[in-house]
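Scroll down for the structure; my scribbles are underneath it.
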Amino acid sequence: MSDQITGAQSLVKSLEAAGADNIFGIPGGAILPAYDPLMDSTKVRHILVRHEQGAGHAAEGYASATGRVGVCMATSGPGATNLVTPIADAHMDSVPMVAITGQVAESLIGTDAFQEADIRGITMPITKHNFLVTDAADIPRRIAEAFHIASTGRPGPVLVDIAKSALQASTTFEWPAELQLPGYRPITKPHAKQIREAARLMLASRKPVLYVGGGTIRSRAHRELRRLAELTGIPVVTTLMARGAFPDSHPQHLGMPGMHGTVSAVAGLQKSDLIISLGARFDDRVTGDLSTFAPGAAVIHADIDPAEIGKNRHADVPIVGDIREVITDLLVVLEAEQAAGRVGDYESWVAYCAGIKKRYPLGYDTPADGLAPQYVIERLGAIAGPEAIYVAGVGQHQMWAAQFIGYEHPNTWLNSGGAGTMGYSVPAAMGAKVGRPDATVWSIDGDGCFQMTNQELATCAIEGIPIKVAVIDNGNLGMVRQWQTLFYNERYSNTNLQDHAGAVRIPDFPKLAEAYGCVGLSCESADDVDATIAKAMEINDVPVVVDFRVNKDAMVWPMIAGGASNDQIQYARDLAPKFDEDDL
Ligand SMILES: Cc1ncc(C[n+]2csc(CCOP(=O)(O)OP(=O)(O)O)c2C)c(N)n1
Ligand SMILES: [Mg+2]
């Protein structure tokens with residue numbers, strides 16, 4: 001007979017067996033039984049956050065920086081509902097995450113009991129899967145399944161809601177030897193016929209482009225991608241979610257496509273005759289007006305999730321499979337073709353793309369007064385280097401961080417791409433630093449975003465998680481203000497965060513940082529940027545917050561207005577690039 005233990009003890013043993021080493025959470029009534037045995041675990045470290053949203057984003061940051069499953073924990077009712085935003089975020093960005101929530105006792109479910117919320121129902125559309133556990137005997141199996149589902153196939157968040165009565169019940173612990181998930185068998189191995197057909201189209205194409213999405217990073221396919229690109233010579237674009245999947249320094253890299261992408265990446269897709277989509281999803285921020293997107297291109301669409309294929313754009317060659325396996329199989333076929341003397345003829349296309357890249361590099365104006373935010377971010381990337389991890393918030397600073405930092409490695413650029421969740425950066429940076437303690441982790445946050453989740457600086461300071469935060473402080477909800485400048489006649493309704501009579505900035509970010517036990521610095525002149533970053537780089541025992549007071553009028557360029565055609569890309573305000581008139 002196995003030893004009798006409580007459901008709560010079984011949960012902790014299960015988490016240990018699943019390999020969870022760090023959990024972010026906050027206790028409360030329904031989950032309280034689990035926190036007692038958690039205190040004794042030598043394998044699982046629980047990090048007490050200040051808000052459950054922080055726990056969820058920290059789990060995401062941990063997962064995105066390491067490739068392992070991130071875990072967060074909350075109590076029932078409001079604790080659980082505070083996890084909704086990060087769960088939705090993880091769902092949009094395919095982040096492997098397990099969220100554990102306490103639920104009211106089984107006998108109380110459905111009675112509007114104190115702190116009862118139907119978190120399964122609430123999160124049904126934003127989880128990859130979710131469970132309600134009312135029988136303590138099910139705990140190990142459900143935890144094992146949750147970790148498996150979260151991390152295999154297309155990764156995503158899985159919620160395990162456990163009734164307090166199950167945590168308190170007496171049970172035995174048995175880790176399942178094998179999982180029984182008859183309806184869940186992600187297809188990882190691509191179909192050979194589709195691979196051959198893809199290779200055939202690639203060889204016949206004269207203007208192909210590798211459209212690389214976040215799935216390439218999730219499937220750890222960056223080495224294979226580089227081999228594919230170099231074997232074929234095909235130009236590469238990396239989406240917001242795929243920055244770092246292919247080195248920015250590589251001559252074949254055209255940059256990021258989409259609303260704020262480079263002219264060369266947008267033109268590369270728009271003018272191509274073949275799009276080879278690898279773990280990307282033809283998001284509206286990339287395609288612009290779908291009916292005018294890449295009108296002359298055939299599409300090879302490879303994705304592990306069959307639901308993505310053909311969702312927005314017809315796929316001529318659909319390939320269901322893990323991107324690493326897809327590229328590996330493609331390489332075998334293409335290498336054999338090459339050995340037989342068959343290679344693609346892309347010479348004039350490659351020259352065309354290189355010409356546009358040279359003619360329309362990313363750039364920005366230096367303002368007559370004040371500090372250019374792009375300059376701050378550019379210097380940060382140069383000084384901290386490509387081994388550091390950069391974690392953005394959402395807004396202008398996010399786009400500049402995607403544009404002006406050179407990414408060379410996967411999992412070094414973390415952001416909220418699909419959901420665009422303000423408040424992601426600080427807690428996600430905290431999770432990334434926990435997962436990769438040896439890496440320098442820079443949160444690049446907006447002054448608006450920072451005010452949503454900066455309370456996690458307390459967690460960082462107390463738990464010894466020395467992240468660095470660059471607040472790109474333009475005093476405004478800058479991205480919204482940019483749209484007001486361009487589309488609402490400069491009527492700045494509710495975007496000024498400093499709209500008050502006094503001369504002091506509210507809040508004073510360096511003082512706020514000091515109050516949280518961090519070092520607070522500020523910088524408002526270009527001459528001081530390097531020295532300030534260097535100073536922040538030297539502080540490794542406590543978190544550092546740098547308030548970069550930047551010019552509020554800087555705008556993100558290039559830009560394609562929402563819903564417009566990619567042909568309408570503006571290189572700067574009222575300045576259209578001329579790629580449209582070039583003949584190929
Ligand atoms: C939770 C949430 N609320 C609102 C928005 C809409 N939104 C997008 S960007 C933005 C402004 C962000 O301001 P800030 O953090 O200062 O960044 P900036 O654009 O100034 O760099 C807002 C309000 C959002 N994306 N997320
Ligand atoms: Mg701002």
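Labels used: A, B, ... for chains in the order of the structure tokens, numbers from 1 for residues in each chain, and numbers from 1 for ligands as shown.
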
Which residues form the shell of 6 Å around ligand 2 when you count only C-alpha atoms and all ligand atoms, given as a list in words?
Gly446, Asp447, Gly448, Asp473, Asn474, Gly475, Asn476, Leu477 and Gly478 of chain A

Residues near region 542-554 of chain A, anyone? I mean within 8 Å using only C-alpha atoms, not counting same-chain ones fewer than 4 positions away, as a VMD selection string.
chain A and resid 367 369 to 373 376 457 460 to 461 464 to 476 478 509 to 510 513 517 to 524 532 536

Dump as a compact mmCIF listing (two decimals), in the first residue's frame, selection limited to N, CA, C and O atoms:
```
# COMPACT_ATOMS: atom_id res chain seq x y z
N PRO A 367 15.61 64.80 -32.81
CA PRO A 367 14.81 66.01 -32.56
C PRO A 367 15.70 67.20 -32.20
O PRO A 367 16.79 67.03 -31.66
N ASP A 369 15.08 69.44 -29.97
CA ASP A 369 15.23 69.43 -28.51
C ASP A 369 14.78 68.08 -27.96
O ASP A 369 13.91 67.42 -28.52
N GLY A 370 15.46 67.70 -26.90
CA GLY A 370 15.10 66.43 -26.27
C GLY A 370 15.82 65.25 -26.87
O GLY A 370 16.61 65.38 -27.80
N LEU A 371 15.52 64.11 -26.30
CA LEU A 371 16.25 62.87 -26.58
C LEU A 371 15.42 61.99 -27.52
O LEU A 371 14.22 61.81 -27.30
N ALA A 372 16.07 61.43 -28.56
CA ALA A 372 15.36 60.53 -29.46
C ALA A 372 15.22 59.16 -28.81
O ALA A 372 16.22 58.55 -28.43
N PRO A 373 14.01 58.66 -28.66
CA PRO A 373 13.83 57.34 -28.03
C PRO A 373 14.54 56.24 -28.81
O PRO A 373 15.08 55.30 -28.22
N VAL A 376 18.15 55.94 -27.77
CA VAL A 376 18.32 55.25 -26.48
C VAL A 376 18.31 53.73 -26.69
O VAL A 376 19.17 53.00 -26.20
N LEU A 457 8.50 45.01 -9.22
CA LEU A 457 9.86 45.40 -8.80
C LEU A 457 10.09 45.01 -7.35
O LEU A 457 11.21 44.67 -6.96
N CYS A 460 11.07 41.48 -7.46
CA CYS A 460 12.43 41.36 -7.97
C CYS A 460 13.46 41.72 -6.89
O CYS A 460 14.46 41.03 -6.71
N ALA A 461 13.19 42.83 -6.18
CA ALA A 461 14.16 43.29 -5.18
C ALA A 461 14.25 42.30 -4.01
O ALA A 461 15.33 41.97 -3.56
N GLY A 464 15.69 38.75 -5.08
CA GLY A 464 17.02 38.73 -5.69
C GLY A 464 16.98 38.43 -7.18
O GLY A 464 17.63 37.50 -7.66
N ILE A 465 16.18 39.18 -7.90
CA ILE A 465 16.05 38.98 -9.36
C ILE A 465 16.41 40.31 -10.02
O ILE A 465 15.55 41.14 -10.31
N PRO A 466 17.72 40.52 -10.26
CA PRO A 466 18.17 41.86 -10.66
C PRO A 466 17.96 42.16 -12.16
O PRO A 466 18.90 42.19 -12.94
N ILE A 467 16.73 42.43 -12.51
CA ILE A 467 16.46 42.85 -13.89
C ILE A 467 16.85 44.33 -14.05
O ILE A 467 17.04 45.04 -13.07
N LYS A 468 16.92 44.75 -15.30
CA LYS A 468 17.17 46.16 -15.60
C LYS A 468 15.99 46.67 -16.42
O LYS A 468 15.52 45.96 -17.31
N VAL A 469 15.52 47.85 -16.05
CA VAL A 469 14.36 48.39 -16.74
C VAL A 469 14.71 49.73 -17.38
O VAL A 469 15.21 50.63 -16.69
N ALA A 470 14.49 49.84 -18.67
CA ALA A 470 14.63 51.14 -19.35
C ALA A 470 13.21 51.64 -19.62
O ALA A 470 12.50 51.07 -20.46
N VAL A 471 12.80 52.65 -18.88
CA VAL A 471 11.48 53.24 -19.15
C VAL A 471 11.67 54.28 -20.25
O VAL A 471 12.41 55.25 -20.07
N ILE A 472 11.04 54.04 -21.39
CA ILE A 472 11.11 54.99 -22.49
C ILE A 472 9.98 55.98 -22.23
O ILE A 472 8.83 55.77 -22.64
N ASP A 473 10.34 57.03 -21.48
CA ASP A 473 9.35 57.90 -20.84
C ASP A 473 9.06 59.12 -21.73
O ASP A 473 9.74 60.13 -21.66
N ASN A 474 8.03 58.98 -22.54
CA ASN A 474 7.63 60.12 -23.39
C ASN A 474 6.42 60.84 -22.80
O ASN A 474 5.81 61.69 -23.46
N GLY A 475 6.07 60.48 -21.56
CA GLY A 475 4.98 61.19 -20.87
C GLY A 475 3.61 60.93 -21.48
O GLY A 475 2.63 61.58 -21.12
N ASN A 476 3.55 60.00 -22.39
CA ASN A 476 2.32 59.79 -23.14
C ASN A 476 2.07 58.32 -23.43
O ASN A 476 2.99 57.51 -23.43
N GLY A 478 2.16 56.78 -26.07
CA GLY A 478 2.73 57.27 -27.32
C GLY A 478 2.13 56.68 -28.58
O GLY A 478 1.88 57.39 -29.56
N PHE A 509 9.73 58.30 -11.50
CA PHE A 509 10.11 56.89 -11.64
C PHE A 509 11.37 56.50 -10.85
O PHE A 509 11.37 55.44 -10.21
N PRO A 510 12.43 57.32 -10.88
CA PRO A 510 13.59 56.92 -10.05
C PRO A 510 13.24 56.82 -8.56
O PRO A 510 13.69 55.90 -7.88
N ALA A 513 11.39 53.68 -8.04
CA ALA A 513 12.33 52.55 -8.05
C ALA A 513 13.02 52.42 -6.70
O ALA A 513 13.13 51.32 -6.15
N GLY A 517 13.24 49.41 -3.49
CA GLY A 517 14.51 48.75 -3.19
C GLY A 517 15.40 48.56 -4.40
O GLY A 517 16.31 47.73 -4.39
N CYS A 518 15.12 49.31 -5.46
CA CYS A 518 15.93 49.23 -6.68
C CYS A 518 16.78 50.49 -6.78
O CYS A 518 16.55 51.47 -6.08
N VAL A 519 17.74 50.48 -7.69
CA VAL A 519 18.46 51.71 -7.99
C VAL A 519 17.68 52.46 -9.06
O VAL A 519 17.24 51.87 -10.05
N GLY A 520 17.46 53.75 -8.86
CA GLY A 520 16.73 54.56 -9.84
C GLY A 520 17.68 55.57 -10.49
O GLY A 520 18.41 56.28 -9.79
N LEU A 521 17.71 55.59 -11.80
CA LEU A 521 18.55 56.54 -12.53
C LEU A 521 17.67 57.30 -13.50
O LEU A 521 16.58 56.84 -13.87
N SER A 522 18.16 58.45 -13.95
CA SER A 522 17.42 59.14 -15.00
C SER A 522 18.40 59.73 -16.01
O SER A 522 19.58 59.93 -15.72
N CYS A 523 17.88 59.97 -17.19
CA CYS A 523 18.73 60.46 -18.28
C CYS A 523 17.86 61.23 -19.25
O CYS A 523 16.80 60.73 -19.66
N GLU A 524 18.28 62.46 -19.59
CA GLU A 524 17.47 63.18 -20.58
C GLU A 524 18.28 63.82 -21.69
O GLU A 524 17.75 64.58 -22.49
N THR A 532 24.95 56.32 -18.74
CA THR A 532 23.85 55.84 -17.89
C THR A 532 23.64 54.34 -18.09
O THR A 532 23.44 53.59 -17.13
N ALA A 536 24.09 51.31 -15.34
CA ALA A 536 23.06 50.29 -15.08
C ALA A 536 23.62 48.88 -15.30
O ALA A 536 23.27 47.95 -14.56
```

Non-local contacts of region 64-73 of chain A (9 Å; only C-alpha atoms; under 2 positions in same chain excluded) as a PyMOL selection string
chain A and resi 19-27+31+52+55-62+75+79-80+83+95-102+147+150-151+217-218+220+389+410-414+428+431-433+435-436

Compile the contact shell of region 305-309 of chain A as an MDAnalysis selection string: residues with an atom at most 10 Å away, counting only C-alpha atoms, same-chain residues fewer than 5 positions apart removed.
chainID A and resid 153:155 186:188 215 277 279:282 300 314:315 317:322

Restricted to N, CA, C and O atoms, what would the selected residues look like written as a CSV table (one decimal), in the first residue's frame?
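Result written to out10.csv:
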```csv
chain,number,residue,atom,x,y,z
A,153,GLY,N,3.2,19.8,-29.6
A,153,GLY,CA,2.4,20.4,-30.7
A,153,GLY,C,2.6,21.9,-30.7
A,153,GLY,O,3.7,22.4,-30.5
A,154,ARG,N,1.5,22.6,-30.9
A,154,ARG,CA,1.6,24.1,-30.8
A,154,ARG,C,1.5,24.4,-29.3
A,154,ARG,O,0.5,24.1,-28.7
A,155,PRO,N,2.5,25.0,-28.8
A,155,PRO,CA,2.5,25.2,-27.3
A,155,PRO,C,1.4,26.2,-26.9
A,155,PRO,O,0.9,26.9,-27.8
A,186,PRO,N,-0.6,15.5,-31.8
A,186,PRO,CA,-0.1,16.5,-32.8
A,186,PRO,C,0.8,15.9,-33.9
A,186,PRO,O,1.6,15.0,-33.5
A,187,ILE,N,0.6,16.3,-35.1
A,187,ILE,CA,1.4,15.7,-36.2
A,187,ILE,C,2.7,16.6,-36.3
A,187,ILE,O,2.6,17.8,-36.5
A,188,THR,N,3.8,15.9,-36.1
A,188,THR,CA,5.0,16.7,-36.1
A,188,THR,C,5.8,16.4,-37.4
A,188,THR,O,6.5,17.2,-37.9
A,215,GLY,N,6.7,30.3,-34.6
A,215,GLY,CA,6.8,28.9,-34.6
A,215,GLY,C,8.1,28.3,-34.8
A,215,GLY,O,8.5,27.3,-34.3
A,277,SER,N,6.0,30.1,-45.8
A,277,SER,CA,5.7,30.5,-44.5
A,277,SER,C,6.1,29.4,-43.5
A,277,SER,O,5.6,28.3,-43.6
A,279,GLY,N,5.9,28.6,-39.6
A,279,GLY,CA,5.4,28.9,-38.3
A,279,GLY,C,4.9,30.3,-38.2
A,279,GLY,O,5.1,30.9,-37.1
A,280,ALA,N,4.4,30.9,-39.2
A,280,ALA,CA,3.8,32.2,-39.2
A,280,ALA,C,2.3,32.1,-39.5
A,280,ALA,O,1.9,31.1,-39.9
A,281,ARG,N,1.6,33.2,-39.3
A,281,ARG,CA,0.1,33.0,-39.4
A,281,ARG,C,-0.6,34.1,-40.1
A,281,ARG,O,-1.8,34.3,-39.9
A,282,PHE,N,0.1,34.8,-41.0
A,282,PHE,CA,-0.5,35.8,-41.9
A,282,PHE,C,-1.4,36.7,-41.1
A,282,PHE,O,-2.6,36.9,-41.4
A,300,ILE,N,3.5,28.4,-49.7
A,300,ILE,CA,3.8,27.1,-49.0
A,300,ILE,C,3.6,27.5,-47.6
A,300,ILE,O,4.2,28.4,-47.0
A,314,HIS,N,-5.0,31.6,-48.8
A,314,HIS,CA,-5.0,30.2,-49.4
A,314,HIS,C,-3.6,29.7,-49.4
A,314,HIS,O,-2.6,30.4,-49.8
A,315,ALA,N,-3.4,28.4,-49.1
A,315,ALA,CA,-2.1,27.8,-49.1
A,315,ALA,C,-2.1,26.8,-50.3
A,315,ALA,O,-3.0,25.9,-50.5
A,317,VAL,N,0.5,24.9,-51.1
A,317,VAL,CA,1.1,23.7,-50.5
A,317,VAL,C,1.0,23.7,-49.0
A,317,VAL,O,1.8,24.4,-48.3
A,318,PRO,N,0.0,23.1,-48.5
A,318,PRO,CA,-0.1,23.1,-47.0
A,318,PRO,C,0.8,22.0,-46.4
A,318,PRO,O,0.9,20.9,-47.0
A,319,ILE,N,1.5,22.3,-45.4
A,319,ILE,CA,2.3,21.3,-44.7
A,319,ILE,C,2.1,21.4,-43.2
A,319,ILE,O,2.4,22.4,-42.6
A,320,VAL,N,1.5,20.3,-42.7
A,320,VAL,CA,1.3,20.2,-41.3
A,320,VAL,C,2.5,19.5,-40.6
A,320,VAL,O,2.9,18.4,-41.0
A,321,GLY,N,3.2,20.2,-39.7
A,321,GLY,CA,4.3,19.5,-39.1
A,321,GLY,C,5.1,20.5,-38.2
A,321,GLY,O,4.9,21.7,-38.2
A,322,ASP,N,6.0,19.9,-37.4
A,322,ASP,CA,6.9,20.7,-36.6
A,322,ASP,C,7.9,21.4,-37.5
A,322,ASP,O,8.4,20.8,-38.4
```

Have a look at A:Val209, A:Leu159, A:Val480, A:Ala354 and name the one nearest to Ala294 (chain A); count only C-alpha atoms.
A:Val209

Using only C-alpha atoms and all ligand atoms, the shortest atom-to-atom distance to ligand 1 among A:Leu228, A:Ala113, A:Cys449, A:Val236 belongs to A:Cys449

Going by DSSP on the backbone, which residues of region 187-305 of chain A come out as alpha helix (DSSP H)? List them as number ranges by chain.
A: 192-204, 214-218, 222-232, 263-270, 284-287

What separation in Å, quoted to one decimal, exists between CA of Leu274 (chain A) and CA of Leu201 (chain A)?
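Result for CA of Leu274 (chain A) versus CA of Leu201 (chain A): 7.8 Å, one decimal.
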
Could you pull out the strand (DSSP E or B) residues of region 316-541 of chain A, going by DSSP on the backbone, and write them as a tab-separated table (two decimals) with C-alpha atoms, in the first residue's frame?
```tsv
chain	number	residue	atom	x	y	z
A	317	VAL	CA	1.10	23.69	-50.53
A	318	PRO	CA	-0.14	23.06	-46.99
A	319	ILE	CA	2.34	21.30	-44.73
A	320	VAL	CA	1.32	20.21	-41.26
A	389	ILE	CA	17.50	39.27	-23.32
A	390	TYR	CA	15.21	42.17	-24.23
A	391	VAL	CA	11.61	42.23	-23.01
A	392	ALA	CA	9.30	44.92	-24.35
A	413	TRP	CA	13.47	38.99	-27.78
A	414	LEU	CA	10.34	38.62	-25.67
A	441	VAL	CA	17.76	40.95	-18.88
A	442	TRP	CA	16.56	44.37	-19.99
A	443	SER	CA	12.93	45.31	-19.77
A	444	ILE	CA	12.28	48.04	-22.32
A	445	ASP	CA	9.02	49.49	-21.15
A	446	GLY	CA	6.78	52.45	-21.90
A	468	LYS	CA	17.17	46.16	-15.60
A	469	VAL	CA	14.36	48.39	-16.74
A	470	ALA	CA	14.63	51.14	-19.35
A	471	VAL	CA	11.48	53.24	-19.15
A	472	ILE	CA	11.11	54.99	-22.49
A	473	ASP	CA	9.35	57.90	-20.84
A	476	ASN	CA	2.32	59.79	-23.14
A	496	ASN	CA	-1.09	62.66	-21.97
A	519	VAL	CA	18.46	51.71	-7.99
A	520	GLY	CA	16.73	54.56	-9.84
A	521	LEU	CA	18.55	56.54	-12.53
A	522	SER	CA	17.42	59.14	-15.00
A	523	CYS	CA	18.73	60.46	-18.28
```

Can I get the residues of region 275-388 of chain A within 8 Å of region 254-259 of chain A, each with the closest pair of atoms and their distance in Å to one decimal, using only C-alpha atoms, sorted chain first then ascending number, as a tab-separated table?
```
residue	atom	partner	partner_atom	distance
A:Arg285	CA	A:Gly258	CA	5.4
A:Val286	CA	A:Gly258	CA	3.8
A:Thr287	CA	A:Gly258	CA	6.5
A:Gly288	CA	A:Met259	CA	7.2
A:Cys353	CA	A:Leu254	CA	7.5
A:Ala354	CA	A:Leu254	CA	7.9
A:Lys357	CA	A:Leu254	CA	6.6
```

Rank A:Gly344, A:His91, A:Val104, A:Ala146 by their smallest atom-to-atom distance to Ala204 (chain A), using only C-alpha atoms, and report the top residue only.
A:Gly344

Quote the spacing between atom 17 (O, counted along the ligand's line) of ligand 1 and CA of Gln403 (chain A) in Å to one decimal place.
15.1 Å

Could you give me, as JSON, numbers by chain, the residues within 9 Å of Tyr364 (chain A), counting only C-alpha atoms and dropping anything in the same chain fewer than 5 positions from it?
{"A": [372, 374, 375, 554, 555, 556, 557, 572]}

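Relative to CA of Leu278 (chain A), CA of Pro386 (chain A) is found at 23.3 Å.
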
Pick from A:Gln455, A:Asn566, A:Ser249, A:Gln53, whichever lies nearest to ligand 1 using only C-alpha atoms and all ligand atoms:
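Nearest to ligand 1: A:Gln53.
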
Under the rule that only C-alpha atoms and all ligand atoms are counted, which of A:Ala166, A:Ile304, A:Ala88, A:Ile276 is the nearest residue to ligand 1?
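For ligand 1, the nearest of the candidates is A:Ala88.
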
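Of the residues under consideration (A:Lys164, A:Arg379, A:Lys43, A:Lys511), A:Lys164 shows the shortest atom-to-atom contact distance to Thr6 (chain A) when counting only C-alpha atoms.
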